[in-house]
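Here is the file final.cif (mmCIF, C-alpha atoms).
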```cif
data_model
#
loop_
_atom_site.label_atom_id
_atom_site.label_comp_id
_atom_site.auth_asym_id
_atom_site.auth_seq_id
_atom_site.Cartn_x
_atom_site.Cartn_y
_atom_site.Cartn_z
CA MET A 1 48.50 -35.30 17.28
CA LEU A 2 46.69 -34.82 20.55
CA CYS A 3 48.69 -37.63 22.13
CA THR A 4 51.99 -36.12 20.94
CA LEU A 5 51.00 -32.81 22.47
CA SER A 6 49.87 -34.59 25.60
CA HIS A 7 53.25 -36.35 25.92
CA TRP A 8 55.03 -33.02 25.58
CA MET A 9 52.83 -31.46 28.27
CA ILE A 10 53.49 -34.41 30.58
CA SER A 11 57.24 -33.97 30.05
CA ARG A 12 56.99 -30.24 30.67
CA ALA A 13 55.08 -30.78 33.90
CA GLU A 14 57.71 -33.31 34.97
CA ASP A 15 60.55 -30.85 34.30
CA ARG A 16 58.86 -27.97 36.04
CA GLY A 17 57.58 -30.02 38.95
CA LYS A 18 54.06 -28.74 38.38
CA LYS A 19 50.66 -30.35 38.05
CA LEU A 20 49.34 -31.41 34.68
CA PRO A 21 46.90 -29.06 32.94
CA ARG A 22 43.25 -30.08 33.27
CA THR A 23 42.88 -30.73 29.55
CA VAL A 24 45.76 -33.21 29.67
CA GLU A 25 44.38 -34.83 32.81
CA ARG A 26 41.05 -35.29 31.06
CA HIS A 27 42.80 -36.72 28.00
CA ILE A 28 44.77 -39.16 30.16
CA THR A 29 41.59 -40.57 31.67
CA ARG A 30 40.31 -41.36 28.19
CA CYS A 31 43.58 -42.36 26.46
CA SER A 32 45.27 -45.43 27.90
CA ALA A 33 48.51 -44.85 25.95
CA CYS A 34 48.93 -41.35 27.37
CA GLY A 35 48.03 -42.62 30.84
CA ALA A 36 50.76 -45.23 30.56
CA TYR A 37 53.18 -42.58 29.34
CA ALA A 38 52.42 -40.32 32.31
CA ARG A 39 52.89 -43.17 34.79
CA SER A 40 56.11 -44.38 33.16
CA SER A 41 57.48 -40.83 32.99
CA ALA A 42 56.96 -40.32 36.71
CA SER A 43 58.36 -43.70 37.68
CA LEU A 44 61.27 -43.32 35.25
CA ALA A 45 62.47 -40.17 37.00
CA SER A 46 62.31 -41.70 40.46
CA ARG A 47 63.93 -44.95 39.32
CA LEU A 48 66.78 -43.17 37.57
CA LYS A 49 67.53 -41.34 40.83
CA GLU A 50 67.27 -44.51 42.86
CA GLU A 51 69.52 -46.54 40.58
CA ARG A 52 72.20 -43.91 40.29
CA SER A 53 74.24 -45.12 43.27
CA ALA A 54 74.14 -48.74 42.19
CA TRP A 55 75.19 -47.73 38.70
CA LEU A 56 78.09 -45.64 39.98
CA ALA A 57 79.26 -48.44 42.29
CA LYS A 58 79.95 -50.57 39.24
CA VAL A 59 82.34 -48.04 37.75
CA PRO A 60 85.91 -49.32 38.31
CA ASP A 61 87.87 -47.21 40.76
CA PHE A 62 90.84 -45.25 39.48
CA PRO A 63 93.24 -42.82 41.13
CA VAL A 64 92.76 -39.10 40.75
CA GLY A 65 94.98 -36.72 42.63
CA LEU A 66 97.26 -33.77 42.60
CA ALA A 67 101.01 -34.02 42.36
CA PRO A 68 102.60 -33.61 45.80
CA ASP A 69 104.68 -30.64 44.65
CA MET A 70 101.72 -28.87 43.09
CA GLU A 71 101.19 -25.56 44.83
CA ALA A 72 97.81 -24.14 45.72
CA PRO A 73 96.76 -21.48 43.22
CA ALA A 74 96.34 -17.86 44.25
CA ARG A 75 92.85 -16.74 45.07
CA ASP A 76 91.28 -14.43 42.53
CA PRO A 77 89.66 -11.58 44.49
CA ARG A 78 87.56 -10.43 41.54
CA ALA A 79 85.51 -13.61 41.29
CA VAL A 80 84.70 -14.06 44.96
CA GLU A 81 83.45 -10.63 45.76
CA ALA A 82 80.49 -11.28 48.03
CA GLY A 83 77.01 -10.13 47.14
CA ARG A 84 77.83 -9.10 43.63
CA PRO A 85 74.74 -9.27 41.42
CA ARG A 86 74.71 -12.05 38.88
CA SER A 87 73.67 -9.92 35.92
CA ARG A 88 76.55 -7.50 36.42
CA ARG A 89 78.99 -10.34 36.67
CA LEU A 90 77.70 -11.78 33.42
CA LEU A 91 77.84 -8.44 31.70
CA ILE A 92 81.40 -7.65 32.59
CA GLY A 93 82.93 -11.02 33.22
CA LEU A 94 81.50 -13.18 30.50
CA ARG A 95 80.53 -10.74 27.75
CA PRO A 96 83.31 -8.23 27.28
CA LEU A 97 82.63 -7.71 23.59
CA PRO A 98 79.13 -6.19 23.88
CA VAL A 99 80.31 -4.04 26.78
CA ALA A 100 83.26 -2.75 24.75
CA ALA A 101 81.00 -2.07 21.76
CA THR A 102 78.55 -0.14 23.94
CA VAL A 103 81.32 1.96 25.44
CA LEU A 104 82.65 2.69 21.94
CA VAL A 105 79.22 3.79 20.69
CA ILE A 106 78.69 6.05 23.70
CA ALA A 107 82.13 7.64 23.21
CA ALA A 108 81.44 8.22 19.51
CA ALA A 109 78.06 9.79 20.28
CA ALA A 110 79.65 12.08 22.86
CA LEU A 111 82.31 13.13 20.35
CA VAL A 112 79.70 13.94 17.70
CA LEU A 113 77.65 15.91 20.21
CA THR A 114 80.55 18.05 21.36
CA GLN A 115 82.16 18.58 17.94
CA VAL A 116 79.11 19.03 15.70
CA VAL A 117 76.02 19.93 17.63
CA LEU A 118 77.28 22.04 20.49
CA LYS A 119 80.21 23.68 18.74
CA GLU A 120 78.39 25.82 16.08
CA ALA A 121 80.28 27.90 13.49
CA PRO A 122 79.91 31.81 13.60
CA PRO A 123 77.25 33.24 11.18
CA SER A 124 78.50 34.13 7.71
CA ALA A 125 77.65 37.31 5.68
CA GLN A 126 75.02 35.41 3.72
CA ASP A 127 73.35 34.26 6.93
CA ARG A 128 73.23 37.86 8.15
CA ALA A 129 71.70 39.10 4.88
CA ALA A 130 69.06 36.37 5.01
CA ALA A 131 68.24 37.30 8.58
CA ARG A 132 67.85 40.98 7.63
CA ALA A 133 65.52 40.08 4.73
CA ALA A 134 63.40 38.01 7.05
CA ILE A 135 63.11 40.89 9.54
CA LYS A 136 62.22 43.30 6.73
CA SER A 137 59.46 41.04 5.46
CA LEU A 138 58.08 40.91 8.97
CA THR A 139 58.05 44.69 9.37
CA SER A 140 56.40 45.23 5.97
CA ALA A 141 53.60 42.85 6.75
CA PRO A 142 50.90 45.51 7.67
CA GLU A 143 51.20 47.17 4.25
CA GLU A 144 50.79 43.88 2.47
CA LEU A 145 47.92 43.02 4.74
CA GLN A 146 46.08 46.22 3.80
CA GLY A 147 46.59 45.42 0.14
CA VAL A 148 45.10 41.99 0.64
CA ILE A 149 42.14 43.46 2.55
CA GLY A 150 41.60 46.04 -0.20
CA GLU A 151 41.56 43.33 -2.82
CA ALA A 152 39.03 41.38 -0.80
CA GLU A 153 36.80 44.45 -0.40
CA SER A 154 36.89 45.29 -4.11
CA SER A 155 35.78 41.80 -5.00
CA LEU A 156 32.87 42.11 -2.54
CA ASP A 157 31.78 45.42 -4.13
CA LYS A 158 31.89 43.81 -7.52
CA GLU A 159 29.70 40.98 -6.38
CA ARG A 160 27.23 43.40 -4.75
CA ARG A 161 26.90 45.36 -7.99
CA ILE A 162 26.20 42.22 -9.97
CA LEU A 163 23.54 41.20 -7.49
CA GLU A 164 21.89 44.65 -7.61
CA ARG A 165 21.79 44.54 -11.38
CA SER A 166 20.20 41.13 -11.45
CA VAL A 167 17.63 42.15 -8.81
CA SER A 168 16.70 45.36 -10.69
CA SER A 169 16.33 43.50 -13.96
CA ALA A 170 14.11 40.97 -12.20
CA VAL A 171 12.01 43.84 -10.80
CA GLU A 172 11.63 45.41 -14.24
CA TYR A 173 10.54 42.11 -15.68
CA LEU A 174 7.95 41.53 -12.98
CA GLN A 175 6.57 45.11 -13.34
CA ALA A 176 6.19 44.71 -17.07
CA ARG A 177 4.73 41.26 -16.87
CA LEU A 178 2.31 41.74 -13.99
CA ASN A 179 1.60 45.39 -14.58
CA ILE A 180 2.50 46.40 -11.06
CA LYS A 181 4.92 48.76 -9.45
CA ILE A 182 7.58 47.58 -7.06
CA GLU A 183 9.31 50.02 -4.75
CA ARG A 184 12.32 49.64 -2.54
CA LYS A 185 11.36 50.23 1.08
CA VAL A 186 14.74 50.44 2.75
CA THR A 187 17.91 51.06 0.93
CA PRO A 188 20.45 48.48 2.05
CA LYS A 189 23.64 49.97 3.29
CA SER A 190 25.82 47.17 2.26
CA LEU A 191 25.78 43.50 1.71
CA MET B 1 90.92 -38.57 61.85
CA ALA B 2 88.23 -36.37 63.32
CA ASP B 3 89.17 -33.62 60.88
CA HIS B 4 88.95 -36.10 58.02
CA ASP B 5 85.46 -37.13 59.14
CA ARG B 6 84.33 -33.54 59.22
CA THR B 7 85.61 -33.04 55.69
CA GLU B 8 83.44 -35.90 54.52
CA GLU B 9 80.39 -34.33 56.13
CA LYS B 10 80.75 -31.00 54.37
CA THR B 11 78.80 -30.04 51.30
CA ASP B 12 80.44 -29.71 47.92
CA ASP B 13 80.15 -25.95 47.95
CA GLU B 14 81.71 -25.68 51.41
CA LEU B 15 84.59 -27.86 50.29
CA ALA B 16 85.02 -25.80 47.13
CA CYS B 17 85.21 -22.61 49.18
CA GLU B 18 87.81 -24.19 51.45
CA ALA B 19 89.77 -25.40 48.43
CA ARG B 20 89.65 -21.88 47.05
CA ASP B 21 91.13 -20.69 50.32
CA GLY B 22 94.01 -23.12 49.92
CA SER B 23 92.79 -26.41 51.44
CA ARG B 24 94.28 -29.21 49.41
CA ARG B 25 92.45 -31.84 51.42
CA SER B 26 89.09 -30.30 50.60
CA PHE B 27 89.88 -30.38 46.90
CA GLU B 28 90.96 -34.00 47.10
CA GLU B 29 87.70 -34.84 48.85
CA LEU B 30 85.82 -33.15 45.99
CA ALA B 31 87.85 -35.15 43.49
CA ARG B 32 87.05 -38.34 45.40
CA ARG B 33 83.33 -37.56 45.36
CA TYR B 34 83.11 -36.64 41.71
CA LYS B 35 85.62 -38.81 39.86
CA ARG B 36 83.26 -41.69 39.17
CA ARG B 37 80.37 -39.38 38.32
CA LEU B 38 82.55 -37.46 35.89
CA PHE B 39 83.86 -40.70 34.42
CA VAL B 40 80.31 -41.89 33.70
CA TYR B 41 79.47 -38.54 32.14
CA LEU B 42 82.56 -38.37 29.92
CA ARG B 43 82.93 -42.02 28.99
CA PRO B 44 80.43 -42.12 26.08
CA ARG B 45 82.31 -39.33 24.33
CA LEU B 46 85.72 -40.95 24.49
CA ALA B 47 87.41 -43.91 22.89
CA SER B 48 88.36 -45.91 25.96
CA ASP B 49 88.20 -46.08 29.72
CA GLU B 50 91.78 -44.81 29.84
CA ASP B 51 90.87 -41.73 27.82
CA ALA B 52 87.96 -41.06 30.15
CA GLU B 53 90.17 -41.44 33.23
CA ASP B 54 92.73 -39.07 31.69
CA MET B 55 89.99 -36.59 30.93
CA VAL B 56 88.74 -36.76 34.52
CA GLN B 57 92.27 -36.16 35.78
CA ASP B 58 92.75 -33.23 33.34
CA THR B 59 89.45 -31.74 34.44
CA PHE B 60 90.43 -31.80 38.11
CA LEU B 61 93.86 -30.35 37.34
CA LYS B 62 92.27 -27.53 35.38
CA LEU B 63 89.81 -26.93 38.19
CA TYR B 64 92.58 -26.85 40.78
CA ARG B 65 94.53 -24.31 38.75
CA ASN B 66 91.41 -22.15 38.49
CA ILE B 67 89.98 -22.82 41.93
CA GLY B 68 90.86 -19.24 42.90
CA SER B 69 88.16 -18.02 40.56
CA TYR B 70 85.43 -20.28 41.98
CA ASP B 71 82.32 -18.27 42.75
CA PRO B 72 80.03 -19.69 45.46
CA ALA B 73 77.04 -18.16 43.68
CA TYR B 74 77.24 -21.19 41.38
CA ARG B 75 76.98 -24.81 42.41
CA PHE B 76 80.31 -26.62 42.32
CA SER B 77 78.87 -29.43 40.20
CA THR B 78 77.75 -26.97 37.52
CA TRP B 79 81.23 -25.47 37.40
CA LEU B 80 82.85 -28.91 37.28
CA TYR B 81 80.66 -30.26 34.48
CA THR B 82 80.99 -27.06 32.45
CA SER B 83 84.78 -27.34 32.63
CA ALA B 84 84.66 -31.04 31.78
CA ASN B 85 82.40 -30.34 28.84
CA ARG B 86 84.75 -27.70 27.46
CA LEU B 87 87.76 -29.95 27.87
CA ALA B 88 85.95 -32.78 26.10
CA ILE B 89 85.01 -30.45 23.24
CA ASP B 90 88.61 -29.27 22.93
CA SER B 91 89.80 -32.83 22.95
CA PHE B 92 87.24 -33.79 20.33
CA ARG B 93 88.32 -30.90 18.11
CA LYS B 94 91.95 -31.87 18.39
CA GLY B 95 90.97 -35.35 17.26
CA ALA B 96 92.80 -36.99 20.13
CA ALA B 97 90.02 -39.26 21.21
CA VAL B 98 87.62 -39.44 18.33
CA ARG B 99 85.95 -42.77 17.92
CA ASP B 100 82.94 -44.50 16.59
CA LYS B 101 80.23 -43.82 19.14
CA ALA B 102 78.24 -46.94 18.37
CA ALA B 103 81.30 -49.10 18.92
CA ALA B 104 81.98 -47.31 22.19
CA VAL B 105 78.71 -48.43 23.68
CA ALA B 106 79.62 -52.03 22.96
CA ASP B 107 83.13 -51.56 24.37
CA LEU B 108 81.99 -50.16 27.69
CA GLU B 109 83.03 -52.08 30.73
CA LEU B 110 79.94 -50.79 32.48
CA PRO B 111 77.09 -53.27 32.91
CA ASP B 112 75.75 -54.58 29.65
CA PRO B 113 71.97 -54.24 29.59
CA ALA B 114 71.66 -57.19 27.24
CA ALA B 115 73.45 -59.45 29.67
CA GLY B 116 70.42 -59.78 31.93
CA GLY B 117 71.09 -60.30 35.64
CA ASP B 118 71.29 -56.73 36.89
CA VAL B 119 68.83 -55.47 34.34
CA GLY B 120 65.45 -55.17 35.96
CA PRO B 121 63.50 -53.31 38.57
CA GLY B 122 65.76 -52.23 41.39
CA GLY B 123 68.94 -53.01 39.45
CA SER B 124 71.11 -50.68 37.43
CA GLY B 125 69.52 -51.49 34.12
CA LEU B 126 67.95 -48.13 33.49
CA TRP B 127 71.24 -46.27 33.27
CA ALA B 128 72.66 -48.98 31.08
CA ALA B 129 69.67 -48.57 28.80
CA ALA B 130 70.11 -44.80 28.93
CA GLN B 131 73.65 -45.19 27.59
CA THR B 132 72.31 -46.82 24.47
CA LEU B 133 70.20 -43.75 23.65
CA GLY B 134 73.17 -41.80 22.37
CA GLU B 135 75.74 -39.52 23.90
CA THR B 136 73.73 -36.30 24.10
CA ARG B 137 70.57 -37.86 25.48
CA PHE B 138 72.55 -39.80 28.06
CA ARG B 139 74.39 -36.67 29.18
CA VAL B 140 71.15 -34.74 29.59
CA LEU B 141 69.58 -37.59 31.57
CA TRP B 142 72.68 -37.89 33.74
CA LEU B 143 72.79 -34.20 34.56
CA ARG B 144 69.06 -34.16 35.34
CA TYR B 145 68.66 -37.36 37.34
CA GLY B 146 72.24 -38.31 38.19
CA GLU B 147 73.28 -34.86 39.35
CA ASP B 148 69.84 -33.44 40.12
CA MET B 149 70.49 -30.29 38.11
CA THR B 150 67.80 -27.85 37.08
CA ILE B 151 66.99 -27.16 33.44
CA GLU B 152 68.82 -23.83 33.72
CA GLU B 153 71.95 -25.48 35.09
CA ILE B 154 71.94 -28.13 32.37
CA ALA B 155 71.54 -25.42 29.76
CA ALA B 156 74.54 -23.60 31.23
CA VAL B 157 76.67 -26.76 31.26
CA LEU B 158 75.81 -27.79 27.71
CA GLY B 159 75.71 -24.27 26.30
CA ARG B 160 72.17 -24.72 24.99
CA THR B 161 68.89 -22.95 25.51
CA ARG B 162 66.43 -24.10 28.15
CA LEU B 163 63.94 -25.07 25.47
CA ALA B 164 66.56 -27.20 23.71
CA VAL B 165 67.32 -28.95 26.99
CA ARG B 166 63.62 -29.61 27.64
CA VAL B 167 63.22 -31.05 24.15
CA LEU B 168 66.29 -33.25 24.63
CA LEU B 169 65.00 -34.49 27.97
CA HIS B 170 61.57 -35.20 26.52
CA ARG B 171 63.05 -37.20 23.68
CA ALA B 172 65.43 -39.03 25.99
CA ARG B 173 62.64 -40.02 28.39
CA THR B 174 60.35 -41.06 25.56
CA SER B 175 63.09 -43.16 23.96
CA LEU B 176 64.03 -44.70 27.29
CA ALA B 177 60.43 -45.52 28.13
CA GLY B 178 60.04 -47.10 24.71
CA ARG B 179 63.28 -49.03 25.14
CA ILE B 180 62.46 -50.54 28.49
CA GLY B 181 58.88 -51.32 27.61
CA PRO B 182 55.75 -51.38 29.73
CA ASP B 183 57.26 -53.63 32.40
CA MET B 184 59.84 -50.94 33.14
CA GLY B 185 63.15 -52.60 32.54
CA ARG B 186 62.69 -56.33 32.30
CA ALA B 187 63.21 -56.35 28.57
CA VAL B 188 66.01 -53.85 28.10
CA ARG B 189 67.74 -54.57 24.84
CA PRO B 190 70.16 -52.23 23.11
CA GLN B 191 69.21 -51.62 19.51
CA PRO B 192 72.08 -51.55 17.04
CA GLY B 193 72.56 -48.17 15.37
CA VAL B 194 70.34 -46.23 17.77
CA ALA B 195 73.25 -44.53 19.44
CA ARG B 196 74.56 -43.38 16.11
CA GLN B 197 71.19 -42.03 15.04
CA SER B 198 70.48 -40.10 18.18
CA ALA B 199 73.97 -38.69 18.61
CA GLY B 200 73.08 -35.78 16.41
CA ASP B 201 70.60 -34.28 18.89
#
```

Could you show the structure in this file as structure tokens?
Amino acid sequence: MLCTLSHWMISRAEDRGKKLPRTVERHITRCSACGAYARSSASLASRLKEERSAWLAKVPDFPVGLAPDMEAPARDPRAVEAGRPRSRRLLIGLRPLPVAATVLVIAAAALVLTQVVLKEAPPSAQDRAAARAAIKSLTSAPEELQGVIGEAESSLDKERRILERSVSSAVEYLQARLNIKIERKVTPKSL
Amino acid sequence: MADHDRTEEKTDDELACEARDGSRRSFEELARRYKRRLFVYLRPRLASDEDAEDMVQDTFLKLYRNIGSYDPAYRFSTWLYTSANRLAIDSFRKGAAVRDKAAAVADLELPDPAAGGDVGPGGSGLWAAAQTLGETRFRVLWLRYGEDMTIEEIAAVLGRTRLAVRVLLHRARTSLAGRIGPDMGRAVRPQPGVARQSAGD
């Protein structure tokens, strides 16, 4: 497994023209098979380049040419525009379908925006009535608020009375039990 | 004569630009430079030498018709091999030159690695051995080491991803190293059926 991975890393380094990773270098020093693979991979590349000419020389010659009456084609000005960025050329020249789809989507979005979102219908009678009710509820808010406050106060009074009753009953019990008299020093104004 | 000499000194891309501007001589010089290289590249895919020669001729005719659209941002060789590849695919689809790939290797008039003689260090045995690896692996090796293309350029020519090209190259090199053995080429022997197996890469 390690050797397979090592072979792949050796190939990758060969393709990228970079040095081998240290882990692979260490492995090569220990593994003779991987060392042989690294050496053969490097020599294979150089020998293939060296032997190319000799190999081609053995190919039988054959005529290739243009007919004498064949006219030179017209130059296409679109493709030879100097300094045009590669990505733009790819986008427009080689991939017309995605470009057309994008344009279509943008046009559809613009249509929806102008027809639906920006162009709103005038308010109907129901909308007006709902708006009036909302305004009325806003203006009547102080009255309702006072009612709520009153309810809260009444519940506090009720609780205070219950507490006073329980305290006074506790006082009566203690007086009777301990034969003492308990007096209230300061009358509390309110809880 | 002096003009002819200068034409031979120019780079491929310079010649392609001149051909685009209407120079027939420059295009013919390009055809002279590339015809054998293209033949070697196309031959494993086609039934006979004649088919390969026809395909080379068709490729140059197509290129000449479209030379007006040549963009100097690309290398001429990349453009040429991409066109050749597409033509070969079209031809294959039409069924005009379909053949048994394993038989094709045996029919080649190129040097036979099993014949000895030239096979060995310094000879042309490595490329002969490479041809026995199968069509796709040979093409990748040829573009990489015969044409000195980058991984990106090979991917563009073959219409594959860079990773796929790297994997193909790795397999091709491993197979070739295994085929030629530790003495690097003295024992090159084509193995029957290997081309058929590896053609599906």

Around (83.7, -33.2, 30.0), as given in the file, which residues come within 10 Å? Count all atoms listed in the file and list them as a CSV table (one decimal) with C-alpha atoms, in the coordinates of the input.
```
chain,number,residue,atom,x,y,z
B,38,LEU,CA,82.6,-37.5,35.9
B,39,PHE,CA,83.9,-40.7,34.4
B,41,TYR,CA,79.5,-38.5,32.1
B,42,LEU,CA,82.6,-38.4,29.9
B,43,ARG,CA,82.9,-42.0,29.0
B,45,ARG,CA,82.3,-39.3,24.3
B,46,LEU,CA,85.7,-41.0,24.5
B,52,ALA,CA,88.0,-41.1,30.2
B,55,MET,CA,90.0,-36.6,30.9
B,56,VAL,CA,88.7,-36.8,34.5
B,58,ASP,CA,92.8,-33.2,33.3
B,59,THR,CA,89.4,-31.7,34.4
B,80,LEU,CA,82.8,-28.9,37.3
B,81,TYR,CA,80.7,-30.3,34.5
B,82,THR,CA,81.0,-27.1,32.4
B,83,SER,CA,84.8,-27.3,32.6
B,84,ALA,CA,84.7,-31.0,31.8
B,85,ASN,CA,82.4,-30.3,28.8
B,86,ARG,CA,84.8,-27.7,27.5
B,87,LEU,CA,87.8,-30.0,27.9
B,88,ALA,CA,86.0,-32.8,26.1
B,89,ILE,CA,85.0,-30.4,23.2
B,90,ASP,CA,88.6,-29.3,22.9
B,91,SER,CA,89.8,-32.8,23.0
B,139,ARG,CA,74.4,-36.7,29.2
B,157,VAL,CA,76.7,-26.8,31.3
B,158,LEU,CA,75.8,-27.8,27.7
```

Specify as a compact mmCIF listing (two decimals) with C-alpha atoms, keeping the file's coordinate frame all residues of chain B found within 9 Å of chain A, counting all atoms listed in the file.
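What follows is the written file part37.txt:
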```txt
# COMPACT_ATOMS: atom_id res chain seq x y z
CA ALA B 19 89.77 -25.40 48.43
CA ARG B 20 89.65 -21.88 47.05
CA ASP B 21 91.13 -20.69 50.32
CA GLY B 22 94.01 -23.12 49.92
CA SER B 23 92.79 -26.41 51.44
CA ARG B 24 94.28 -29.21 49.41
CA GLU B 28 90.96 -34.00 47.10
CA ALA B 31 87.85 -35.15 43.49
CA ARG B 32 87.05 -38.34 45.40
CA LYS B 35 85.62 -38.81 39.86
CA ARG B 36 83.26 -41.69 39.17
CA ARG B 37 80.37 -39.38 38.32
CA PHE B 39 83.86 -40.70 34.42
CA VAL B 40 80.31 -41.89 33.70
CA GLU B 53 90.17 -41.44 33.23
CA VAL B 56 88.74 -36.76 34.52
CA GLN B 57 92.27 -36.16 35.78
CA PHE B 60 90.43 -31.80 38.11
CA LEU B 61 93.86 -30.35 37.34
CA TYR B 64 92.58 -26.85 40.78
CA ARG B 65 94.53 -24.31 38.75
CA ASN B 66 91.41 -22.15 38.49
CA ILE B 67 89.98 -22.82 41.93
CA GLY B 68 90.86 -19.24 42.90
CA SER B 69 88.16 -18.02 40.56
CA TYR B 70 85.43 -20.28 41.98
CA ASP B 71 82.32 -18.27 42.75
CA PRO B 72 80.03 -19.69 45.46
CA ALA B 73 77.04 -18.16 43.68
CA GLU B 109 83.03 -52.08 30.73
CA LEU B 110 79.94 -50.79 32.48
CA PRO B 111 77.09 -53.27 32.91
CA PRO B 121 63.50 -53.31 38.57
CA GLY B 122 65.76 -52.23 41.39
CA GLY B 123 68.94 -53.01 39.45
CA SER B 124 71.11 -50.68 37.43
CA GLY B 125 69.52 -51.49 34.12
CA LEU B 126 67.95 -48.13 33.49
CA TRP B 127 71.24 -46.27 33.27
CA ALA B 128 72.66 -48.98 31.08
CA LEU B 141 69.58 -37.59 31.57
CA TRP B 142 72.68 -37.89 33.74
CA TYR B 145 68.66 -37.36 37.34
CA GLY B 146 72.24 -38.31 38.19
CA GLU B 147 73.28 -34.86 39.35
CA ASP B 148 69.84 -33.44 40.12
CA THR B 150 67.80 -27.85 37.08
CA ILE B 151 66.99 -27.16 33.44
CA ARG B 166 63.62 -29.61 27.64
CA VAL B 167 63.22 -31.05 24.15
CA LEU B 169 65.00 -34.49 27.97
CA HIS B 170 61.57 -35.20 26.52
CA ARG B 173 62.64 -40.02 28.39
CA THR B 174 60.35 -41.06 25.56
CA LEU B 176 64.03 -44.70 27.29
CA ALA B 177 60.43 -45.52 28.13
CA PRO B 182 55.75 -51.38 29.73
CA MET B 184 59.84 -50.94 33.14
```

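Note that the spacing between CA of Pro21 in chain A and CA of Ala42 in chain A amounts to 15.6 Å.
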
Here CA of Glu29 in chain B and CA of Phe138 in chain B stand apart by 26.2 Å

Expressed in Å, the length from CA of Asp13 in chain B to CA of Ser77 in chain B is 8.6 Å

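Nearest residue to Arg30 in chain A among A:Ala133, A:Cys3, A:Val112, A:Val167 is A:Cys3, counting all atoms listed in the file.
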
Explicit residues for the PyMOL selection byres ((chain A and resi 25) around 12) (as a ChimeraX atom specification): /A:3,6-7,9-10,13,19-24,26-32,34-35,38

Would you export the selected residues with C-alpha atoms as a PDB file, in the coordinates of the input, please?
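Output below, filename again-v2.pdb:
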```pdb
ATOM      1  CA  CYS A   3      48.690 -37.630  22.130  1.00  0.00           C
ATOM      2  CA  SER A   6      49.870 -34.590  25.600  1.00  0.00           C
ATOM      3  CA  HIS A   7      53.250 -36.350  25.920  1.00  0.00           C
ATOM      4  CA  MET A   9      52.830 -31.460  28.270  1.00  0.00           C
ATOM      5  CA  ILE A  10      53.490 -34.410  30.580  1.00  0.00           C
ATOM      6  CA  ALA A  13      55.080 -30.780  33.900  1.00  0.00           C
ATOM      7  CA  LYS A  19      50.660 -30.350  38.050  1.00  0.00           C
ATOM      8  CA  LEU A  20      49.340 -31.410  34.680  1.00  0.00           C
ATOM      9  CA  PRO A  21      46.900 -29.060  32.940  1.00  0.00           C
ATOM     10  CA  ARG A  22      43.250 -30.080  33.270  1.00  0.00           C
ATOM     11  CA  THR A  23      42.880 -30.730  29.550  1.00  0.00           C
ATOM     12  CA  VAL A  24      45.760 -33.210  29.670  1.00  0.00           C
ATOM     13  CA  ARG A  26      41.050 -35.290  31.060  1.00  0.00           C
ATOM     14  CA  HIS A  27      42.800 -36.720  28.000  1.00  0.00           C
ATOM     15  CA  ILE A  28      44.770 -39.160  30.160  1.00  0.00           C
ATOM     16  CA  THR A  29      41.590 -40.570  31.670  1.00  0.00           C
ATOM     17  CA  ARG A  30      40.310 -41.360  28.190  1.00  0.00           C
ATOM     18  CA  CYS A  31      43.580 -42.360  26.460  1.00  0.00           C
ATOM     19  CA  SER A  32      45.270 -45.430  27.900  1.00  0.00           C
ATOM     20  CA  CYS A  34      48.930 -41.350  27.370  1.00  0.00           C
ATOM     21  CA  GLY A  35      48.030 -42.620  30.840  1.00  0.00           C
ATOM     22  CA  ALA A  38      52.420 -40.320  32.310  1.00  0.00           C
TER      23      ALA A  38
END
```

Can you tell me, as a ChimeraX atom specification, what residues are no more than 8 Å from Asp12 in chain B when counting all atoms listed in the file, ignoring any on the same chain fewer than 3 positions away? /B:15-16,30,76-77
